[in-house]
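Data block for final.txt (compact mmCIF, C-alpha atoms):
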```txt
# COMPACT_ATOMS: atom_id res chain seq x y z
CA MET A 13 -12.79 -12.74 -0.21
CA LEU A 14 -14.44 -9.53 -1.47
CA ALA A 15 -11.14 -8.34 -2.96
CA THR A 16 -10.54 -11.69 -4.72
CA THR A 17 -14.08 -11.70 -6.15
CA LEU A 18 -13.91 -8.11 -7.38
CA VAL A 19 -10.41 -8.42 -8.87
CA SER A 20 -11.35 -11.70 -10.62
CA ALA A 21 -14.58 -10.13 -11.91
CA SER A 22 -12.70 -7.08 -13.18
CA ILE A 23 -10.18 -9.25 -15.07
CA ALA A 24 -13.05 -11.18 -16.68
CA LEU A 25 -14.80 -7.91 -17.62
CA ILE A 26 -11.61 -6.34 -18.97
CA PHE A 27 -10.82 -9.20 -21.33
CA PHE A 28 -14.30 -10.53 -22.20
CA TYR A 29 -16.71 -7.62 -21.86
CA ALA A 30 -15.04 -4.22 -22.36
CA PRO A 31 -14.56 -3.40 -26.06
CA VAL A 32 -11.16 -2.59 -27.56
CA ASP A 33 -11.23 1.07 -28.63
CA GLN A 34 -9.07 3.01 -31.10
CA ASP A 35 -6.06 2.86 -28.72
CA GLY A 36 -5.84 -0.87 -29.29
CA LEU A 37 -5.06 -3.61 -26.81
CA ASN A 38 -2.84 -1.40 -24.66
CA GLN A 39 -6.02 0.31 -23.45
CA LYS A 40 -6.53 -2.83 -21.30
CA ILE A 41 -3.72 -1.56 -19.07
CA PHE A 42 -5.79 1.53 -18.28
CA TYR A 43 -8.36 -0.57 -16.35
CA PHE A 44 -5.72 -1.50 -13.79
CA HIS A 45 -3.33 1.42 -14.06
CA VAL A 46 -5.85 4.18 -13.23
CA PRO A 47 -7.56 2.32 -10.33
CA ILE A 48 -4.12 1.53 -8.88
CA ALA A 49 -3.17 5.22 -9.12
CA PHE A 50 -6.46 6.28 -7.46
CA THR A 51 -5.89 3.68 -4.72
CA ALA A 52 -2.37 5.03 -4.14
CA TYR A 53 -3.84 8.54 -3.73
CA ALA A 54 -6.46 7.14 -1.34
CA CYS A 55 -3.78 5.37 0.73
CA PHE A 56 -1.67 8.54 0.97
CA GLY A 57 -4.79 10.51 1.87
CA TRP A 58 -5.77 7.97 4.53
CA GLY A 59 -2.22 8.03 5.91
CA ALA A 60 -2.33 11.83 6.13
CA TRP A 61 -5.76 11.73 7.81
CA LYS A 62 -4.49 9.25 10.42
CA ALA A 63 -1.43 11.47 10.94
CA PHE A 64 -3.74 14.44 11.49
CA VAL A 65 -5.84 12.42 13.96
CA HIS A 66 -2.62 11.45 15.75
CA LEU A 67 -1.61 15.09 16.16
CA TRP A 68 -5.12 16.19 17.07
CA LYS A 69 -6.47 13.57 19.50
CA ARG A 70 -3.41 11.34 20.03
CA PRO A 71 -5.26 8.03 20.09
CA PRO A 72 -2.99 4.99 20.51
CA GLY A 73 -2.27 3.30 17.19
CA ALA A 74 -2.98 6.24 14.85
CA ASP A 75 0.73 6.60 14.07
CA LEU A 76 0.96 2.92 13.13
CA GLU A 77 -2.18 3.19 10.98
CA SER A 78 -0.71 6.21 9.20
CA TYR A 79 2.56 4.34 8.60
CA VAL A 80 0.81 1.25 7.20
CA ALA A 81 -1.41 3.36 4.90
CA ILE A 82 1.64 5.20 3.52
CA HIS A 83 3.42 1.88 3.05
CA GLN A 84 0.43 0.66 1.01
CA GLY A 85 0.44 3.92 -0.93
CA VAL A 86 4.10 3.49 -1.85
CA ILE A 87 3.46 -0.10 -3.04
CA PHE A 88 0.49 1.01 -5.16
CA GLY A 89 2.49 4.02 -6.32
CA ALA A 90 5.30 1.76 -7.54
CA MET A 91 2.74 -0.35 -9.41
CA THR A 92 1.27 2.82 -10.95
CA LEU A 93 4.69 3.93 -12.20
CA ILE A 94 5.57 0.51 -13.64
CA THR A 95 2.23 -0.15 -15.36
CA GLY A 96 2.19 3.45 -16.61
CA SER A 97 5.67 3.05 -18.07
CA ILE A 98 4.63 -0.13 -19.87
CA TRP A 99 1.60 1.68 -21.28
CA ALA A 100 3.82 4.59 -22.36
CA LYS A 101 6.22 2.24 -24.12
CA ILE A 102 3.37 0.92 -26.28
CA SER A 103 1.61 4.24 -26.87
CA TRP A 104 4.49 6.71 -27.03
CA GLY A 105 7.39 4.37 -27.82
CA ARG A 106 9.21 5.53 -24.67
CA TRP A 107 9.22 4.27 -21.09
CA TRP A 108 9.10 7.75 -19.61
CA VAL A 109 8.34 11.28 -20.84
CA TRP A 110 9.81 14.02 -18.68
CA SER A 111 7.71 16.71 -20.35
CA SER A 112 4.47 15.21 -18.98
CA HIS A 113 3.64 17.15 -15.82
CA GLN A 114 1.40 14.46 -14.37
CA LEU A 115 4.06 11.77 -14.69
CA VAL A 116 6.73 13.90 -13.07
CA LEU A 117 4.41 15.10 -10.29
CA PHE A 118 3.33 11.55 -9.54
CA LEU A 119 7.01 10.57 -9.37
CA VAL A 120 7.64 13.49 -6.98
CA LEU A 121 4.70 12.35 -4.82
CA PHE A 122 6.02 8.77 -4.84
CA LEU A 123 9.57 9.82 -3.94
CA PHE A 124 8.26 12.17 -1.23
CA TYR A 125 6.46 9.30 0.47
CA ALA A 126 9.36 6.90 -0.17
CA ALA A 127 11.52 9.37 1.79
CA TYR A 128 8.98 9.10 4.65
CA PHE A 129 10.53 5.71 5.50
CA MET A 130 14.03 7.19 5.59
CA LEU A 131 12.77 9.78 8.07
CA ARG A 132 10.89 7.22 10.14
CA PHE A 133 13.76 4.79 10.46
CA SER A 134 16.40 7.44 11.12
CA VAL A 135 14.69 8.64 14.34
CA GLU A 136 14.48 6.62 17.56
CA PRO A 137 10.98 5.21 18.22
CA GLY A 138 8.92 7.42 20.50
CA PRO A 139 6.67 10.49 20.53
CA GLN A 140 9.21 12.63 18.66
CA ARG A 141 9.32 10.20 15.73
CA GLU A 142 5.52 9.90 15.69
CA ASN A 143 5.11 13.69 15.56
CA LEU A 144 7.76 14.19 12.88
CA CYS A 145 6.26 11.46 10.69
CA ALA A 146 2.74 12.82 11.16
CA VAL A 147 3.76 16.33 10.07
CA TYR A 148 5.64 14.90 7.06
CA ALA A 149 2.65 12.76 6.03
CA ILE A 150 0.32 15.78 6.17
CA PHE A 151 2.69 17.90 4.05
CA GLY A 152 2.78 15.18 1.37
CA VAL A 153 -0.98 15.11 0.94
CA VAL A 154 -0.82 18.60 -0.60
CA LEU A 155 0.88 17.02 -3.62
CA ILE A 156 -2.13 14.77 -4.34
CA PRO A 157 -4.52 17.39 -5.80
CA ILE A 158 -1.59 19.03 -7.62
CA SER A 159 -0.64 15.68 -9.15
CA TYR A 160 -4.27 14.94 -10.08
CA LEU A 161 -4.94 18.37 -11.56
CA ALA A 162 -1.57 18.63 -13.32
CA ILE A 163 -2.90 17.04 -16.48
CA ARG A 164 -5.72 19.59 -16.65
CA LEU A 165 -3.39 22.50 -16.01
CA ALA A 166 -0.71 21.28 -18.42
CA GLN A 167 -0.51 22.64 -21.93
CA ASP A 168 0.80 19.54 -23.71
CA TYR A 169 -2.10 17.13 -22.99
CA ILE A 170 0.26 14.23 -23.69
CA HIS A 171 -1.29 12.12 -20.93
CA PRO A 172 -4.84 10.97 -21.80
CA VAL A 173 -7.69 12.53 -19.82
CA THR A 174 -10.08 9.90 -18.48
CA PHE A 175 -12.34 12.12 -16.40
CA SER A 176 -13.16 15.65 -17.47
CA ARG A 177 -15.77 18.22 -16.40
CA HIS A 178 -18.20 16.46 -18.75
CA GLY A 179 -17.84 13.11 -16.96
CA PRO A 180 -15.97 9.93 -17.89
CA GLN A 181 -14.54 9.95 -21.42
CA MET A 182 -15.46 6.36 -22.24
CA ALA A 183 -18.33 4.09 -23.25
CA GLY A 184 -20.81 2.75 -20.68
CA SER A 185 -19.39 -0.80 -20.74
CA GLN A 186 -15.87 0.57 -20.34
CA PHE A 187 -16.93 2.76 -17.42
CA ALA A 188 -18.70 -0.17 -15.72
CA THR A 189 -15.55 -2.29 -16.12
CA PHE A 190 -13.46 0.57 -14.77
CA CYS A 191 -15.74 0.91 -11.71
CA VAL A 192 -15.47 -2.82 -10.92
CA ALA A 193 -11.67 -2.65 -11.34
CA LEU A 194 -11.55 0.40 -9.04
CA ALA A 195 -13.70 -1.34 -6.42
CA GLY A 196 -11.44 -4.41 -6.71
CA MET A 197 -8.27 -2.38 -6.18
CA VAL A 198 -9.72 -0.48 -3.22
CA ALA A 199 -10.89 -3.77 -1.67
CA LEU A 200 -7.45 -5.30 -2.28
CA ALA A 201 -5.72 -2.31 -0.68
CA GLY A 202 -8.15 -2.47 2.25
CA PHE A 203 -7.45 -6.16 2.76
CA LEU A 204 -3.67 -5.71 2.57
CA TYR A 205 -3.91 -2.71 4.93
CA ARG A 206 -5.81 -4.69 7.55
CA LEU A 207 -3.47 -7.66 7.13
CA GLU A 208 -0.33 -5.59 7.59
CA LEU A 209 -1.83 -3.62 10.46
CA ALA A 210 -2.85 -6.83 12.28
CA GLY A 211 0.69 -8.20 11.81
CA LYS A 212 2.29 -4.99 13.11
CA ARG A 213 -0.04 -4.81 16.14
CA LEU A 214 0.63 -8.45 16.97
CA ASP A 215 4.36 -7.84 16.64
CA GLN A 216 4.10 -4.86 19.00
CA ARG A 217 2.14 -6.84 21.62
CA LEU A 218 4.57 -9.74 21.39
CA ARG A 219 7.45 -7.36 22.02
CA GLU A 220 5.68 -6.03 25.13
CA LEU A 221 4.98 -9.58 26.29
CA ARG A 222 8.62 -10.59 25.73
CA GLU A 223 9.77 -7.62 27.82
CA ALA A 224 7.29 -8.53 30.58
CA LEU A 225 8.50 -12.12 30.65
CA ALA A 226 12.20 -11.25 30.54
CA MET B 8 1.97 -13.16 -29.58
CA SER B 9 2.35 -9.55 -30.75
CA ALA B 10 4.56 -6.99 -29.00
CA GLU B 11 1.45 -5.18 -27.76
CA GLU B 12 0.06 -8.36 -26.22
CA LYS B 13 3.41 -9.02 -24.53
CA TYR B 14 3.43 -5.56 -22.96
CA VAL B 15 -0.16 -5.92 -21.73
CA ALA B 16 0.70 -9.34 -20.25
CA ALA B 17 3.81 -7.82 -18.62
CA ALA B 18 1.74 -5.04 -17.02
CA TYR B 19 -0.70 -7.52 -15.49
CA LEU B 20 2.18 -9.79 -14.46
CA VAL B 21 3.84 -6.90 -12.60
CA VAL B 22 0.68 -6.26 -10.57
CA PHE B 23 0.27 -9.98 -9.87
CA LEU B 24 3.93 -10.31 -8.79
CA PHE B 25 3.70 -7.28 -6.49
CA VAL B 26 0.67 -8.74 -4.72
CA LEU B 27 2.22 -12.22 -4.62
CA VAL B 28 5.51 -10.98 -3.12
CA TYR B 29 3.58 -8.88 -0.58
CA VAL B 30 1.43 -11.85 0.47
CA LEU B 31 4.56 -14.07 0.70
CA ILE B 32 6.28 -11.51 2.94
CA MET B 33 3.16 -11.38 5.12
CA ALA B 34 2.99 -15.21 5.26
CA THR B 35 6.66 -15.31 6.37
CA LYS B 36 5.91 -12.73 9.04
CA VAL B 37 2.88 -14.66 10.30
CA ALA B 38 5.05 -17.83 10.50
CA ARG B 39 7.65 -15.91 12.54
CA LEU B 40 4.98 -14.50 14.85
CA GLU B 41 3.54 -17.99 15.37
CA ARG B 42 7.00 -19.29 16.29
CA GLU B 43 7.53 -16.40 18.71
CA VAL B 44 4.13 -16.96 20.32
CA GLY B 45 5.10 -20.62 20.81
CA GLU B 46 8.43 -19.62 22.40
CA LEU B 47 6.75 -17.12 24.71
CA ALA B 48 4.08 -19.64 25.71
CA GLU B 49 6.85 -22.14 26.52
CA ARG B 50 8.74 -19.50 28.54
CA ALA B 51 5.55 -18.57 30.42
CA ARG B 52 4.84 -22.25 31.16
CA ARG B 53 8.37 -22.80 32.54
CA ARG B 54 8.13 -19.63 34.57
CA ARG B 55 4.86 -20.81 36.10
CA GLU B 56 6.44 -24.13 37.08
CA THR B 57 9.75 -22.74 38.42
CA PRO B 58 8.45 -20.79 41.50
CA VAL B 59 6.66 -23.91 42.75
CA GLU B 60 9.93 -25.93 42.65
CA THR B 61 11.83 -23.13 44.43
CA HIS B 62 9.16 -22.91 47.06
CA GLU B 63 9.34 -26.67 47.71
CA ARG B 64 13.13 -26.59 47.93
CA GLU B 65 13.02 -23.71 50.44
CA GLU B 66 10.64 -25.67 52.63
CA VAL B 67 13.02 -28.64 52.67
CA GLU B 68 16.00 -26.44 53.63
CA VAL B 69 14.11 -24.80 56.49
CA GLY B 70 12.88 -28.16 57.76
```
As C-alpha cells:
Amino acid sequence: MLATTLVSASIALIFFYAPVDQDGLNQKIFYFHVPIAFTAYACFGWGAWKAFVHLWKRPPGADLESYVAIHQGVIFGAMTLITGSIWAKISWGRWWVWSSHQLVLFLVLFLFYAAYFMLRFSVEPGPQRENLCAVYAIFGVVLIPISYLAIRLAQDYIHPVTFSRHGPQMAGSQFATFCVALAGMVALAGFLYRLELAGKRLDQRLRELREALA
Amino acid sequence: MSAEEKYVAAAYLVVFLFVLVYVLIMATKVARLEREVGELAERARRRRETPVETHEREEVEVG
C-alpha cells in the first residue's frame, strides 16, 4: 500500500509538478532511473550484509534473505541498465557508451551478481553452497562504491553528476520529486523483497511437510 | 507524439512491465503453493483416517 501510494505520488509529481529543465523531456527518466539504481545498490548491499550475518552468526534463513535481496538487486539493476540506455539514446544518440566508466562499472556489478545465480544453482543445496554464496555476495559489494564513485574519478564527465560535494545539482521542486521517487522505489523493493521471501519460506516449509508426510 | 516523448514513455513502460511480470510470477507461485497446501491437507486427512480403519480390521481378524 505504501509502495503504491509513493510510486503513484512520484509519477504525479514527475509529470505535473517538477519543471522541465534544459535537458528537455528526457530528464523525466532521471526521476526513475537514479532511484532504481540506488535501490539496486541498496539491495546488493543488503544481500551482502545478510551474507556477512550468515557467516558470522549463522542464523537460520540469512542465506535465503541474502539470495532474495541479490535477486531483487539484479531485477532493479536490469531496469537501471534499460532505462539508462533509453536515456542515453535520447541524450547521446547511442544506446551505450563504452567510454563511460560508470556505465561499464555498473554493467560489471550487474554481471557479477547475475553470475551469483550460476554459482548458487551449480552447487548442491547445503552448508557448502550457503558459505560459497555468502563469500561471493560479500566480494561483490566492493564494486558498489567503485561504481558510485567512478563518475567522480573519471576524466570524461560524460555521465551527468546529480549529487556532488556541494549537494544535489537540481532545483528544490526537482529534488523533492526525486526524494519521493526514491522513497517509492525503496518501498516497492521492500514490498517485493518481503513478498518473495514469504513465498520462498512457505515453499521451504511445504517441502519439509511433504517429506514428513511421505 | 515526438521521438523524445516515445522514449520517455518506453522507459516508464519498461519499469511497469518489469514490476507487472514480477507480480504475475509471484501470483502464479502463490497459486501453486495454495494447490500444494490443499494436496498436503488432503493427504494428511487421509493419513489420519487410514490408521483407524487398519486398527478396526485387525480387531476383526483377531476376534
Residues of chain A within 10 Å of chain B, all atoms listed in the file counted, as a PyMOL selection string: chain A and resi 23+36-42+44-45+48+87-88+90-92+94-99+101-103+200-201+204+207-208+210-212+214-215+218-219+221-222+225-226
Deliver the residues from the most recent selection as a file, using C-alpha atoms, as a PDB file, keeping the file's coordinate frame.
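part_30.pdb was written with the following content:
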```
ATOM      1  CA  ILE A  23     -10.180  -9.250 -15.070  1.00  0.00           C
ATOM      2  CA  GLY A  36      -5.840  -0.870 -29.290  1.00  0.00           C
ATOM      3  CA  LEU A  37      -5.060  -3.610 -26.810  1.00  0.00           C
ATOM      4  CA  ASN A  38      -2.840  -1.400 -24.660  1.00  0.00           C
ATOM      5  CA  GLN A  39      -6.020   0.310 -23.450  1.00  0.00           C
ATOM      6  CA  LYS A  40      -6.530  -2.830 -21.300  1.00  0.00           C
ATOM      7  CA  ILE A  41      -3.720  -1.560 -19.070  1.00  0.00           C
ATOM      8  CA  PHE A  42      -5.790   1.530 -18.280  1.00  0.00           C
ATOM      9  CA  PHE A  44      -5.720  -1.500 -13.790  1.00  0.00           C
ATOM     10  CA  HIS A  45      -3.330   1.420 -14.060  1.00  0.00           C
ATOM     11  CA  ILE A  48      -4.120   1.530  -8.880  1.00  0.00           C
ATOM     12  CA  ILE A  87       3.460  -0.100  -3.040  1.00  0.00           C
ATOM     13  CA  PHE A  88       0.490   1.010  -5.160  1.00  0.00           C
ATOM     14  CA  ALA A  90       5.300   1.760  -7.540  1.00  0.00           C
ATOM     15  CA  MET A  91       2.740  -0.350  -9.410  1.00  0.00           C
ATOM     16  CA  THR A  92       1.270   2.820 -10.950  1.00  0.00           C
ATOM     17  CA  ILE A  94       5.570   0.510 -13.640  1.00  0.00           C
ATOM     18  CA  THR A  95       2.230  -0.150 -15.360  1.00  0.00           C
ATOM     19  CA  GLY A  96       2.190   3.450 -16.610  1.00  0.00           C
ATOM     20  CA  SER A  97       5.670   3.050 -18.070  1.00  0.00           C
ATOM     21  CA  ILE A  98       4.630  -0.130 -19.870  1.00  0.00           C
ATOM     22  CA  TRP A  99       1.600   1.680 -21.280  1.00  0.00           C
ATOM     23  CA  LYS A 101       6.220   2.240 -24.120  1.00  0.00           C
ATOM     24  CA  ILE A 102       3.370   0.920 -26.280  1.00  0.00           C
ATOM     25  CA  SER A 103       1.610   4.240 -26.870  1.00  0.00           C
ATOM     26  CA  LEU A 200      -7.450  -5.300  -2.280  1.00  0.00           C
ATOM     27  CA  ALA A 201      -5.720  -2.310  -0.680  1.00  0.00           C
ATOM     28  CA  LEU A 204      -3.670  -5.710   2.570  1.00  0.00           C
ATOM     29  CA  LEU A 207      -3.470  -7.660   7.130  1.00  0.00           C
ATOM     30  CA  GLU A 208      -0.330  -5.590   7.590  1.00  0.00           C
ATOM     31  CA  ALA A 210      -2.850  -6.830  12.280  1.00  0.00           C
ATOM     32  CA  GLY A 211       0.690  -8.200  11.810  1.00  0.00           C
ATOM     33  CA  LYS A 212       2.290  -4.990  13.110  1.00  0.00           C
ATOM     34  CA  LEU A 214       0.630  -8.450  16.970  1.00  0.00           C
ATOM     35  CA  ASP A 215       4.360  -7.840  16.640  1.00  0.00           C
ATOM     36  CA  LEU A 218       4.570  -9.740  21.390  1.00  0.00           C
ATOM     37  CA  ARG A 219       7.450  -7.360  22.020  1.00  0.00           C
ATOM     38  CA  LEU A 221       4.980  -9.580  26.290  1.00  0.00           C
ATOM     39  CA  ARG A 222       8.620 -10.590  25.730  1.00  0.00           C
ATOM     40  CA  LEU A 225       8.500 -12.120  30.650  1.00  0.00           C
ATOM     41  CA  ALA A 226      12.200 -11.250  30.540  1.00  0.00           C
TER      42      ALA A 226
END
```
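Our summary of the geometry notes that CA of Ala74 in chain A is positioned 13.3 Å from CA of Ile150 in chain A.
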Quote the spacing between CA of Leu117 in chain A and CA of Ser159 in chain A in Å to one decimal place.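 Atom-to-atom, CA of Leu117 in chain A and CA of Ser159 in chain A are spaced 5.2 Å apart.
Once range 129-134 of chain A and its same-chain neighbours fewer than 5 positions away are set aside, Tyr79, His83, Arg141, Glu142, Leu144, Cys145 and Tyr148 of chain A remain within 9 Å of it when counting only C-alpha atoms.
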Report, in Å to a single decimal, how far apart CA of Phe203 in chain A and CA of Pro71 in chain A are.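 Taking CA of Pro71 in chain A as the start and CA of Phe203 in chain A as the end point, the length is 22.5 Å.
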Residues near His66 in chain A, anyone? I mean within 9 Å using all atoms listed in the file, not counting same-chain ones fewer than 4 positions away, as a VMD selection string. chain A and resid 61 to 62 70 to 75 78 142 to 143 146
Could you check the closest approach to Phe50 in chain A for each of A:Pro157, A:Gly105, A:Pro139, A:Gly184 and tell me which residue wins, using all atoms listed in the file?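 Closest to Phe50 in chain A, using all atoms listed in the file: A:Pro157.
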Residues near Gly89 in chain A, cut-off 10 Å, all atoms listed in the file, skip fewer than 5 positions along chain, as a ChimeraX atom specification: /A:48-53,55-56,82-84,94-95,118-119,121-123,125-126
Store the residues of this selection in a file with C-alpha atoms, as a JSON list (two decimals), in the frame of the given file.
```json
[["chain", "number", "residue", "atom", "x", "y", "z"],
["A", 48, "ILE", "CA", -4.12, 1.53, -8.88],
["A", 49, "ALA", "CA", -3.17, 5.22, -9.12],
["A", 50, "PHE", "CA", -6.46, 6.28, -7.46],
["A", 51, "THR", "CA", -5.89, 3.68, -4.72],
["A", 52, "ALA", "CA", -2.37, 5.03, -4.14],
["A", 53, "TYR", "CA", -3.84, 8.54, -3.73],
["A", 55, "CYS", "CA", -3.78, 5.37, 0.73],
["A", 56, "PHE", "CA", -1.67, 8.54, 0.97],
["A", 82, "ILE", "CA", 1.64, 5.20, 3.52],
["A", 83, "HIS", "CA", 3.42, 1.88, 3.05],
["A", 84, "GLN", "CA", 0.43, 0.66, 1.01],
["A", 94, "ILE", "CA", 5.57, 0.51, -13.64],
["A", 95, "THR", "CA", 2.23, -0.15, -15.36],
["A", 118, "PHE", "CA", 3.33, 11.55, -9.54],
["A", 119, "LEU", "CA", 7.01, 10.57, -9.37],
["A", 121, "LEU", "CA", 4.70, 12.35, -4.82],
["A", 122, "PHE", "CA", 6.02, 8.77, -4.84],
["A", 123, "LEU", "CA", 9.57, 9.82, -3.94],
["A", 125, "TYR", "CA", 6.46, 9.30, 0.47],
["A", 126, "ALA", "CA", 9.36, 6.90, -0.17]]
```
